[in-house]
$ cat query_11.tsv   # TSV, C-alpha atoms
chain	number	residue	atom	x	y	z
A	20	MET	CA	108.11	103.43	125.35
A	21	LYS	CA	107.29	106.98	124.33
A	22	ARG	CA	106.16	107.44	120.73
A	23	GLY	CA	108.96	109.82	119.75
A	24	LYS	CA	111.66	107.42	120.93
A	25	ARG	CA	109.89	104.51	119.27
A	26	VAL	CA	109.75	106.32	115.91
A	27	LYS	CA	113.46	107.15	116.08
A	28	PHE	CA	114.28	103.56	117.05
A	29	LEU	CA	112.27	102.16	114.17
A	30	ARG	CA	113.88	104.62	111.77
A	31	GLY	CA	117.28	103.43	112.95
A	32	LEU	CA	116.30	99.84	112.33
A	33	PHE	CA	115.11	100.83	108.85
A	34	VAL	CA	118.47	102.36	107.95
A	35	LEU	CA	120.40	99.41	109.36
A	36	ALA	CA	118.20	97.01	107.43
A	37	PHE	CA	118.89	98.85	104.18
A	38	LEU	CA	122.60	98.98	104.84
A	39	GLY	CA	122.53	95.23	105.33
A	40	VAL	CA	120.61	94.75	102.08
A	41	LEU	CA	122.99	96.97	100.16
A	42	ALA	CA	126.05	95.27	101.65
A	43	GLY	CA	124.67	91.96	100.49
A	44	CYS	CA	124.30	93.16	96.90
A	45	GLY	CA	127.63	94.95	96.54
A	46	ASN	CA	127.22	98.36	94.92
A	47	GLY	CA	123.50	97.80	94.37
A	48	SER	CA	123.76	97.38	90.59
A	49	GLU	CA	123.02	93.67	90.47
A	50	THR	CA	119.25	93.68	90.33
A	51	SER	CA	116.80	91.57	88.37
A	52	LYS	CA	117.01	94.04	85.51
A	53	SER	CA	119.21	93.53	82.50
A	54	ASP	CA	122.72	94.98	82.86
A	55	ASN	CA	122.20	97.70	80.28
A	56	GLN	CA	119.49	99.29	82.40
A	57	GLY	CA	121.70	99.97	85.42
A	58	ASP	CA	120.09	100.92	88.74
A	59	SER	CA	117.14	102.95	87.47
A	60	GLY	CA	114.80	100.17	88.61
A	61	LYS	CA	115.67	100.67	92.29
A	62	ILE	CA	112.67	102.60	93.53
A	63	ALA	CA	111.69	103.81	96.98
A	64	LEU	CA	108.11	104.90	97.66
A	65	VAL	CA	107.88	107.43	100.48
A	66	LEU	CA	104.39	107.27	101.97
A	67	GLY	CA	102.32	110.07	103.43
A	68	PHE	CA	100.89	109.92	106.95
A	69	GLY	CA	98.64	107.00	107.85
A	70	GLY	CA	100.73	103.90	107.14
A	71	VAL	CA	100.86	101.49	104.23
A	72	ASP	CA	97.60	99.80	105.26
A	73	ASP	CA	95.51	102.97	105.53
A	74	ARG	CA	92.99	101.40	103.11
A	75	SER	CA	93.22	104.60	101.15
A	76	PHE	CA	95.89	106.63	99.34
A	77	ASN	CA	99.07	105.01	100.70
A	78	GLN	CA	97.77	101.49	100.25
A	79	ALA	CA	96.69	102.19	96.67
A	80	GLY	CA	100.11	103.63	95.84
A	81	TRP	CA	102.02	100.71	97.32
A	82	GLU	CA	99.77	98.15	95.64
A	83	GLY	CA	100.61	99.81	92.32
A	84	LEU	CA	104.37	99.69	92.88
A	85	GLU	CA	104.18	96.17	94.29
A	86	ALA	CA	102.29	94.92	91.24
A	87	TRP	CA	104.76	96.68	88.94
A	88	GLY	CA	107.77	95.19	90.73
A	89	LYS	CA	106.39	91.66	90.60
A	90	GLU	CA	105.57	92.04	86.91
A	91	LYS	CA	109.19	93.04	86.23
A	92	GLY	CA	110.56	90.17	88.31
A	93	LEU	CA	112.18	92.53	90.80
A	94	THR	CA	112.86	91.85	94.45
A	95	GLU	CA	110.89	93.64	97.15
A	96	LYS	CA	112.99	95.59	99.69
A	97	LYS	CA	116.03	95.28	97.43
A	98	ASP	CA	114.85	96.71	94.11
A	99	PHE	CA	111.71	98.45	95.35
A	100	THR	CA	110.32	99.24	98.77
A	101	TYR	CA	108.19	101.68	100.76
A	102	ILE	CA	109.08	103.95	103.66
A	103	GLU	CA	106.43	104.96	106.18
A	104	THR	CA	106.04	108.54	107.38
A	105	ASN	CA	104.99	108.95	111.00
A	106	GLU	CA	105.66	112.60	111.79
A	107	PRO	CA	106.51	115.83	109.89
A	108	ALA	CA	110.24	115.46	110.55
A	109	ASP	CA	110.18	112.20	108.57
A	110	ASN	CA	109.46	114.03	105.31
A	111	SER	CA	113.09	115.06	104.80
A	112	THR	CA	114.67	112.18	106.72
A	113	ASN	CA	112.94	109.42	104.75
A	114	ILE	CA	113.88	110.95	101.40
A	115	ALA	CA	117.48	111.39	102.55
A	116	ASN	CA	117.60	107.77	103.73
A	117	ALA	CA	116.36	106.56	100.35
A	118	VAL	CA	119.07	108.57	98.58
A	119	GLU	CA	121.80	107.40	100.94
A	120	ASN	CA	120.80	103.77	100.53
A	121	GLY	CA	121.18	103.70	96.76
A	122	PHE	CA	117.67	104.11	95.41
A	123	GLN	CA	117.79	105.83	92.05
A	124	THR	CA	114.13	106.85	91.89
A	125	ILE	CA	112.30	108.24	94.92
A	126	ILE	CA	108.53	108.67	94.62
A	127	SER	CA	106.67	110.68	97.26
A	128	LEU	CA	102.97	110.16	97.95
A	129	SER	CA	102.37	113.40	99.83
A	130	TYR	CA	102.16	117.02	98.71
A	131	LEU	CA	103.44	117.83	102.21
A	132	GLN	CA	106.81	116.47	101.05
A	133	ALA	CA	107.10	118.86	98.10
A	134	ASP	CA	109.81	121.03	99.68
A	135	ALA	CA	111.82	118.01	100.79
A	136	ILE	CA	111.60	116.44	97.32
A	137	LYS	CA	112.69	119.68	95.66
A	138	GLU	CA	115.66	120.11	97.99
A	139	ALA	CA	116.82	116.51	97.55
A	140	ALA	CA	116.41	116.70	93.77
A	141	GLU	CA	118.49	119.85	93.53
A	142	GLN	CA	121.21	118.25	95.64
A	143	ASN	CA	121.16	115.00	93.61
A	144	PRO	CA	120.68	115.93	89.93
A	145	SER	CA	121.60	112.43	88.72
A	146	LEU	CA	118.68	110.82	90.56
A	147	ASN	CA	114.99	110.72	89.65
A	148	PHE	CA	112.31	112.13	91.96
A	149	ALA	CA	108.54	112.18	91.68
A	150	LEU	CA	105.78	113.86	93.65
A	151	VAL	CA	102.37	112.19	93.37
A	152	ASP	CA	99.38	114.36	94.29
A	153	GLY	CA	101.39	117.57	94.23
A	154	GLU	CA	103.62	119.69	92.03
A	155	VAL	CA	107.27	120.71	92.09
A	156	GLU	CA	108.04	123.31	89.46
A	157	ASP	CA	111.24	124.10	87.54
A	158	VAL	CA	113.35	121.12	88.62
A	159	ASP	CA	114.55	119.00	85.72
A	160	ASN	CA	114.80	115.68	87.59
A	161	VAL	CA	111.37	115.85	89.25
A	162	VAL	CA	108.14	114.67	87.64
A	163	SER	CA	104.87	115.72	89.26
A	164	ALA	CA	101.55	113.92	89.04
A	165	THR	CA	98.26	115.51	90.02
A	166	PHE	CA	94.66	114.31	89.90
A	167	ASN	CA	91.50	116.17	89.00
A	168	ASP	CA	89.93	115.09	92.28
A	169	GLN	CA	87.27	117.76	91.89
A	170	GLU	CA	85.80	115.79	88.97
A	171	SER	CA	85.13	112.58	90.88
A	172	ALA	CA	84.13	114.59	93.96
A	173	TYR	CA	81.55	116.40	91.85
A	174	LEU	CA	80.03	113.06	90.90
A	175	ALA	CA	80.03	112.09	94.59
A	176	GLY	CA	78.24	115.32	95.48
A	177	LEU	CA	75.66	114.70	92.78
A	178	ALA	CA	75.13	111.17	94.10
A	179	ALA	CA	74.76	112.50	97.65
A	180	ALA	CA	72.17	115.05	96.55
A	181	TYR	CA	70.10	112.38	94.82
A	182	SER	CA	70.42	109.98	97.78
A	183	THR	CA	69.93	112.09	100.90
A	184	THR	CA	66.59	111.85	102.68
A	185	THR	CA	67.32	114.50	105.32
A	186	GLY	CA	68.58	117.25	103.01
A	187	GLN	CA	71.84	117.45	104.97
A	188	VAL	CA	75.20	115.96	103.96
A	189	GLY	CA	78.72	116.30	105.32
A	190	PHE	CA	82.30	116.54	104.11
A	191	ILE	CA	85.27	115.66	106.34
A	192	GLY	CA	88.75	116.57	105.08
A	193	GLY	CA	92.11	115.58	106.52
A	194	MET	CA	94.34	118.66	106.42
A	195	GLU	CA	93.61	121.92	104.66
A	196	GLY	CA	95.52	122.41	101.42
A	197	PRO	CA	95.08	122.51	97.64
A	198	VAL	CA	94.53	118.75	97.27
A	199	ILE	CA	91.70	118.36	99.79
A	200	ALA	CA	90.27	121.68	98.65
A	201	ARG	CA	89.68	120.07	95.25
A	202	PHE	CA	87.65	117.31	96.93
A	203	GLU	CA	85.68	119.78	99.02
A	204	LYS	CA	84.85	122.25	96.24
A	205	GLY	CA	84.01	119.54	93.73
A	206	PHE	CA	81.72	117.83	96.23
A	207	GLU	CA	79.94	121.06	97.12
A	208	ALA	CA	79.45	121.89	93.43
A	209	GLY	CA	77.99	118.44	92.78
A	210	VAL	CA	75.58	118.73	95.71
A	211	ALA	CA	74.47	122.16	94.48
A	212	ALA	CA	73.89	120.85	90.95
A	213	GLY	CA	71.88	117.92	92.26
A	214	ALA	CA	69.80	120.15	94.52
A	215	GLU	CA	69.02	122.44	91.59
A	216	ALA	CA	68.03	119.54	89.34
A	217	LEU	CA	65.80	118.07	92.02
A	218	GLU	CA	64.45	121.47	93.06
A	219	LYS	CA	65.14	120.93	96.73
A	220	GLU	CA	67.33	122.52	99.39
A	221	ILE	CA	70.40	120.56	100.52
A	222	THR	CA	73.03	121.85	102.93
A	223	VAL	CA	76.67	120.77	103.16
A	224	ASN	CA	78.54	120.78	106.48
A	225	SER	CA	82.29	120.80	105.71
A	226	GLN	CA	84.89	120.30	108.45
A	227	TYR	CA	88.59	119.40	108.69
A	228	ALA	CA	90.21	117.02	111.15
A	229	ALA	CA	93.66	118.70	110.83
A	230	SER	CA	95.19	115.22	110.48
A	231	TYR	CA	95.35	112.27	108.11
A	232	ASP	CA	96.09	109.89	110.97
A	233	ALA	CA	93.45	110.52	113.66
A	234	PRO	CA	90.57	108.00	113.44
A	235	ASP	CA	89.22	109.10	116.83
A	236	ARG	CA	88.92	112.68	115.58
A	237	GLY	CA	87.22	111.51	112.39
A	238	LYS	CA	84.77	109.48	114.47
A	239	ALA	CA	83.96	112.43	116.72
A	240	ILE	CA	83.34	114.82	113.80
A	241	ALA	CA	81.17	112.23	112.06
A	242	ALA	CA	79.15	111.73	115.24
A	243	SER	CA	78.43	115.45	115.49
A	244	MET	CA	77.42	115.64	111.83
A	245	TYR	CA	75.07	112.67	112.07
A	246	GLU	CA	73.60	114.06	115.29
A	247	ALA	CA	72.95	117.37	113.49
A	248	GLY	CA	70.94	115.59	110.80
A	249	ALA	CA	73.37	114.60	108.05
A	250	ASP	CA	72.69	111.15	106.63
A	251	ILE	CA	75.63	111.02	104.18
A	252	ILE	CA	79.27	111.95	104.85
A	253	TYR	CA	82.01	112.10	102.22
A	254	GLN	CA	85.40	111.66	103.85
A	255	ALA	CA	88.72	112.58	102.22
A	256	ALA	CA	90.96	112.16	105.23
A	257	GLY	CA	93.31	109.19	104.88
A	258	SER	CA	93.21	106.86	107.89
A	259	THR	CA	91.27	109.55	109.79
A	260	GLY	CA	88.40	108.44	107.57
A	261	ALA	CA	88.43	105.03	109.28
A	262	GLY	CA	86.83	106.75	112.25
A	263	VAL	CA	83.98	107.96	110.02
A	264	PHE	CA	83.32	104.37	108.99
A	265	GLN	CA	83.47	103.25	112.63
A	266	GLU	CA	80.86	105.81	113.67
A	267	ALA	CA	78.53	104.95	110.78
A	268	LYS	CA	78.85	101.23	111.53
A	269	ALA	CA	77.97	101.72	115.19
A	270	ARG	CA	74.95	103.84	114.35
A	271	ASN	CA	73.61	101.47	111.71
A	272	GLU	CA	74.04	98.44	113.95
A	273	ASN	CA	72.19	100.12	116.83
A	274	ASN	CA	69.60	102.26	115.06
A	275	GLN	CA	67.32	100.72	112.46
A	276	ASP	CA	65.16	103.82	112.09
A	277	GLN	CA	67.63	106.13	110.29
A	278	LYS	CA	70.37	104.64	108.13
A	279	VAL	CA	73.48	106.74	107.67
A	280	TRP	CA	75.94	106.50	104.81
A	281	VAL	CA	79.63	107.11	104.06
A	282	ILE	CA	81.18	107.91	100.69
A	283	GLY	CA	84.63	106.33	100.39
A	284	VAL	CA	87.72	107.89	98.86
A	285	ASP	CA	90.78	106.97	96.75
A	286	ARG	CA	89.75	103.32	96.31
A	287	ASP	CA	86.54	101.29	96.41
A	288	GLN	CA	85.87	101.18	100.15
A	289	SER	CA	82.64	99.19	99.98
A	290	ASP	CA	84.21	96.42	102.07
A	291	GLU	CA	84.46	98.92	104.93
A	292	GLY	CA	80.70	99.43	104.93
A	293	ASP	CA	79.51	95.99	106.02
A	294	TYR	CA	77.52	95.81	109.26
A	295	GLU	CA	75.27	93.42	111.18
A	296	MET	CA	72.30	94.39	113.35
A	297	ALA	CA	71.14	92.78	116.58
A	298	ASP	CA	68.53	90.66	114.79
A	299	GLY	CA	71.23	89.14	112.58
A	300	SER	CA	70.31	91.04	109.43
A	301	THR	CA	73.20	92.56	107.50
A	302	GLY	CA	73.72	95.56	105.29
A	303	ASN	CA	76.26	97.93	103.82
A	304	PHE	CA	76.46	101.70	104.34
A	305	CYS	CA	79.17	102.64	101.82
A	306	LEU	CA	77.03	104.54	99.32
A	307	THR	CA	79.77	104.86	96.70
A	308	SER	CA	83.48	105.73	96.52
A	309	THR	CA	85.56	108.18	94.54
A	310	LYS	CA	88.48	106.34	93.02
A	311	LYS	CA	91.91	107.82	92.47
A	312	ASN	CA	94.15	105.54	90.43
A	313	VAL	CA	97.22	106.29	92.53
A	314	GLY	CA	98.62	102.85	91.82
A	315	SER	CA	98.42	103.42	88.07
A	316	ALA	CA	100.23	106.74	88.39
A	317	VAL	CA	102.97	105.13	90.47
A	318	GLU	CA	103.28	102.27	87.98
A	319	GLU	CA	103.56	104.71	85.07
A	320	ILE	CA	106.30	106.72	86.77
A	321	ALA	CA	108.15	103.55	87.78
A	322	ASN	CA	108.04	102.27	84.22
A	323	TYR	CA	109.38	105.55	82.85
A	324	SER	CA	112.32	105.20	85.21
A	325	TYR	CA	112.83	101.52	84.43
A	326	THR	CA	113.02	102.19	80.70
A	327	ASP	CA	115.26	105.25	81.13
A	328	LYS	CA	112.54	107.56	79.81
A	329	PHE	CA	111.94	109.49	83.02
A	330	PRO	CA	109.91	112.66	82.18
A	331	GLY	CA	111.76	114.98	84.56
A	332	GLY	CA	110.42	118.51	84.76
A	333	LYS	CA	106.97	117.54	83.48
A	334	LEU	CA	103.52	117.53	85.07
A	335	LEU	CA	101.30	114.50	84.51
A	336	THR	CA	97.58	115.08	85.06
A	337	PHE	CA	95.02	112.32	85.64
A	338	GLY	CA	91.29	113.10	85.43
A	339	LEU	CA	88.10	111.36	84.33
A	340	LYS	CA	89.24	111.55	80.71
A	341	GLU	CA	92.49	109.73	81.53
A	342	ASP	CA	90.78	107.20	83.85
A	343	GLY	CA	92.76	108.77	86.69
A	344	VAL	CA	89.67	109.36	88.85
A	345	ASP	CA	86.12	108.03	88.85
A	346	LEU	CA	83.10	107.12	90.97
A	347	THR	CA	81.96	103.56	91.72
A	348	ASP	CA	78.38	102.49	91.12
A	349	GLY	CA	78.19	101.40	94.75
A	350	GLN	CA	74.61	101.28	96.00
A	351	LEU	CA	73.33	104.12	93.85
A	352	ASN	CA	69.85	103.69	92.39
A	353	GLU	CA	69.06	103.89	88.69
A	354	GLU	CA	67.96	107.54	88.76
A	355	THR	CA	71.17	108.57	90.50
A	356	LEU	CA	73.37	106.54	88.19
A	357	THR	CA	71.71	108.15	85.17
A	358	ALA	CA	72.47	111.62	86.53
A	359	VAL	CA	76.05	110.65	87.44
A	360	ASN	CA	76.75	109.09	84.04
A	361	ALA	CA	75.40	112.15	82.23
A	362	ALA	CA	77.60	114.45	84.29
A	363	ARG	CA	80.62	112.21	83.74
A	364	GLU	CA	80.24	112.50	79.97
A	365	LYS	CA	79.90	116.29	80.17
A	366	ILE	CA	83.09	116.54	82.23
A	367	ILE	CA	85.03	114.28	79.87
A	368	SER	CA	83.87	116.23	76.82
A	369	GLY	CA	84.79	119.54	78.40
A	370	GLU	CA	81.20	120.79	78.44
A	371	LEU	CA	81.27	120.89	82.25
A	372	ILE	CA	84.26	122.38	84.09
A	373	VAL	CA	84.28	121.57	87.79
A	374	PRO	CA	85.69	124.20	90.19
A	375	GLU	CA	88.72	123.13	92.21
A	376	LYS	CA	89.01	126.05	94.62

$ encode --input "query_11.tsv" --output "structure tokens"
Amino acid sequence: MKRGKRVKFLRGLFVLAFLGVLAGCGNGSETSKSDNQGDSGKIALVLGFGGVDDRSFNQAGWEGLEAWGKEKGLTEKKDFTYIETNEPADNSTNIANAVENGFQTIISLSYLQADAIKEAAEQNPSLNFALVDGEVEDVDNVVSATFNDQESAYLAGLAAAYSTTTGQVGFIGGMEGPVIARFEKGFEAGVAAGAEALEKEITVNSQYAASYDAPDRGKAIAASMYEAGADIIYQAAGSTGAGVFQEAKARNENNQDQKVWVIGVDRDQSDEGDYEMADGSTGNFCLTSTKKNVGSAVEEIANYSYTDKFPGGKLLTFGLKEDGVDLTDGQLNEETLTAVNAAREKIISGELIVPEK
């Protein structure tokens, strides 16, 4: 079956499934919530590209909503659910399906859906909409949530500078845009600061895969970077980043002379860095990970909706100060951790402002 037909078929099944769910619960108002709270607990999470198990942004967002729903005693697929996005046309279609099937709060996990969220919100002023990792301005029933990704990326760049042995590091982004630009610029600034502190020259090779859902492309770019001499790659590319991990794993399992590293993104990806060599010895090549508390942001927005305190028209910002982003200790040595912790405190205090573009 061709992919396009398969996507349409699956989308049709999704709509039919929701219609069946809604038919089974009447007008959709009988949820696990108390009667005086109406339907505001019915939440649909529209994912970005890469699937719910991308081990990155989408997965973190869904885990947050799932935990929130279970805590409230709500029913998955009836009171809260997720909708996967497989192609650009899904951006508008998925949001429209959520509206048509009775969900009162629709949360998007992709800045690429900003226009679709704005259009749907303007057409449905009684519903709540949220855009996580992007901003919709001047719409009273849309709340936006952004992250100071440049702050955690700066710490990652600093860690890379202190850890590289070749003096070459890489950055692989998914698609060009303001969000990934924050990762890229923050990382480059951190590498530059580390190089200056250590009085050595370190180069950064930055490339984009033009996709968040192309592991093969991520693997190919990583291979070229490692071949050119980079020993650390920071990937901010959704499931495309899985290819970076695949390439690093293959190299570390087959080459004991030069270890290569990957810096994870959005969640602690250390479990992706395990490998085993031919002699049976094991190791891990995930140097550290930048964390983005997507799940916490989703939970906060869901709770606002649930308690009828939805902050429509506002922008919520999550940085190091708000525990919205951070860097894991990973396998960083003591000297590197000391430098990272000092920089973290300067960013939180406002002494250090990290560039985002």

$ closest_residue --input "query_11.tsv" --among "A:Gly88, A:Gly189, A:Gly302, A:Gly283" --to "A:Arg74" --atoms "all atoms listed in the file"
A:Gly283

$ atom_distance --input "query_11.tsv" --atom1 "atom CA of A:Gly70" --atom2 "atom CA of A:Gly257"
9.4 Å

$ residues_near_point --input "query_11.tsv" --point "(85.1, 117.9, 94.4)" --cutoff "8 Å" --atoms "only C-alpha atoms" --output "PyMOL selection string"
chain A and resi 168-176+200-209+373-375

$ closest_residue --input "query_11.tsv" --among "A:Gly192, A:Ala135, A:Gly153, A:Gly83" --to "A:Thr112" --atoms "only C-alpha atoms"
A:Ala135

$ atom_distance --input "query_11.tsv" --atom1 "atom CA of A:Gln132" --atom2 "atom CA of A:Asn110"
5.6 Å

$ residues_around --input "query_11.tsv" --residues "A:Glu318" --least-positions-apart "2" --cutoff "7 Å" --atoms "all atoms listed in the file" --output "MDAnalysis selection string"
chainID A and resid 83:84 87 314:316 320:322

$ atom_distance --input "query_11.tsv" --atom1 "atom CA of A:Asp293" --atom2 "atom CA of A:Gly80"
24.2 Å

$ closest_residue --input "query_11.tsv" --among "A:Leu339, A:Asn273, A:Glu90, A:Arg286" --to "A:Arg363" --atoms "all atoms listed in the file"
A:Leu339

$ residues_around --input "query_11.tsv" --residues "A:Ala164" --least-positions-apart "5" --cutoff "8 Å" --atoms "all atoms listed in the file" --output "PDB file with C-alpha atoms, keeping the file's coordinate frame"
ATOM      1  CA  ALA A 149     108.540 112.180  91.680  1.00  0.00           C
ATOM      2  CA  LEU A 150     105.780 113.860  93.650  1.00  0.00           C
ATOM      3  CA  VAL A 151     102.370 112.190  93.370  1.00  0.00           C
ATOM      4  CA  ASP A 152      99.380 114.360  94.290  1.00  0.00           C
ATOM      5  CA  GLY A 153     101.390 117.570  94.230  1.00  0.00           C
ATOM      6  CA  GLU A 154     103.620 119.690  92.030  1.00  0.00           C
ATOM      7  CA  ALA A 316     100.230 106.740  88.390  1.00  0.00           C
ATOM      8  CA  LEU A 334     103.520 117.530  85.070  1.00  0.00           C
ATOM      9  CA  LEU A 335     101.300 114.500  84.510  1.00  0.00           C
ATOM     10  CA  THR A 336      97.580 115.080  85.060  1.00  0.00           C
ATOM     11  CA  PHE A 337      95.020 112.320  85.640  1.00  0.00           C
TER      12      PHE A 337
END

$ closest_residue --input "query_11.tsv" --among "A:Ala255, A:Val118, A:Ala249, A:Ile221" --to "A:Lys278" --atoms "all atoms listed in the file"
A:Ala249
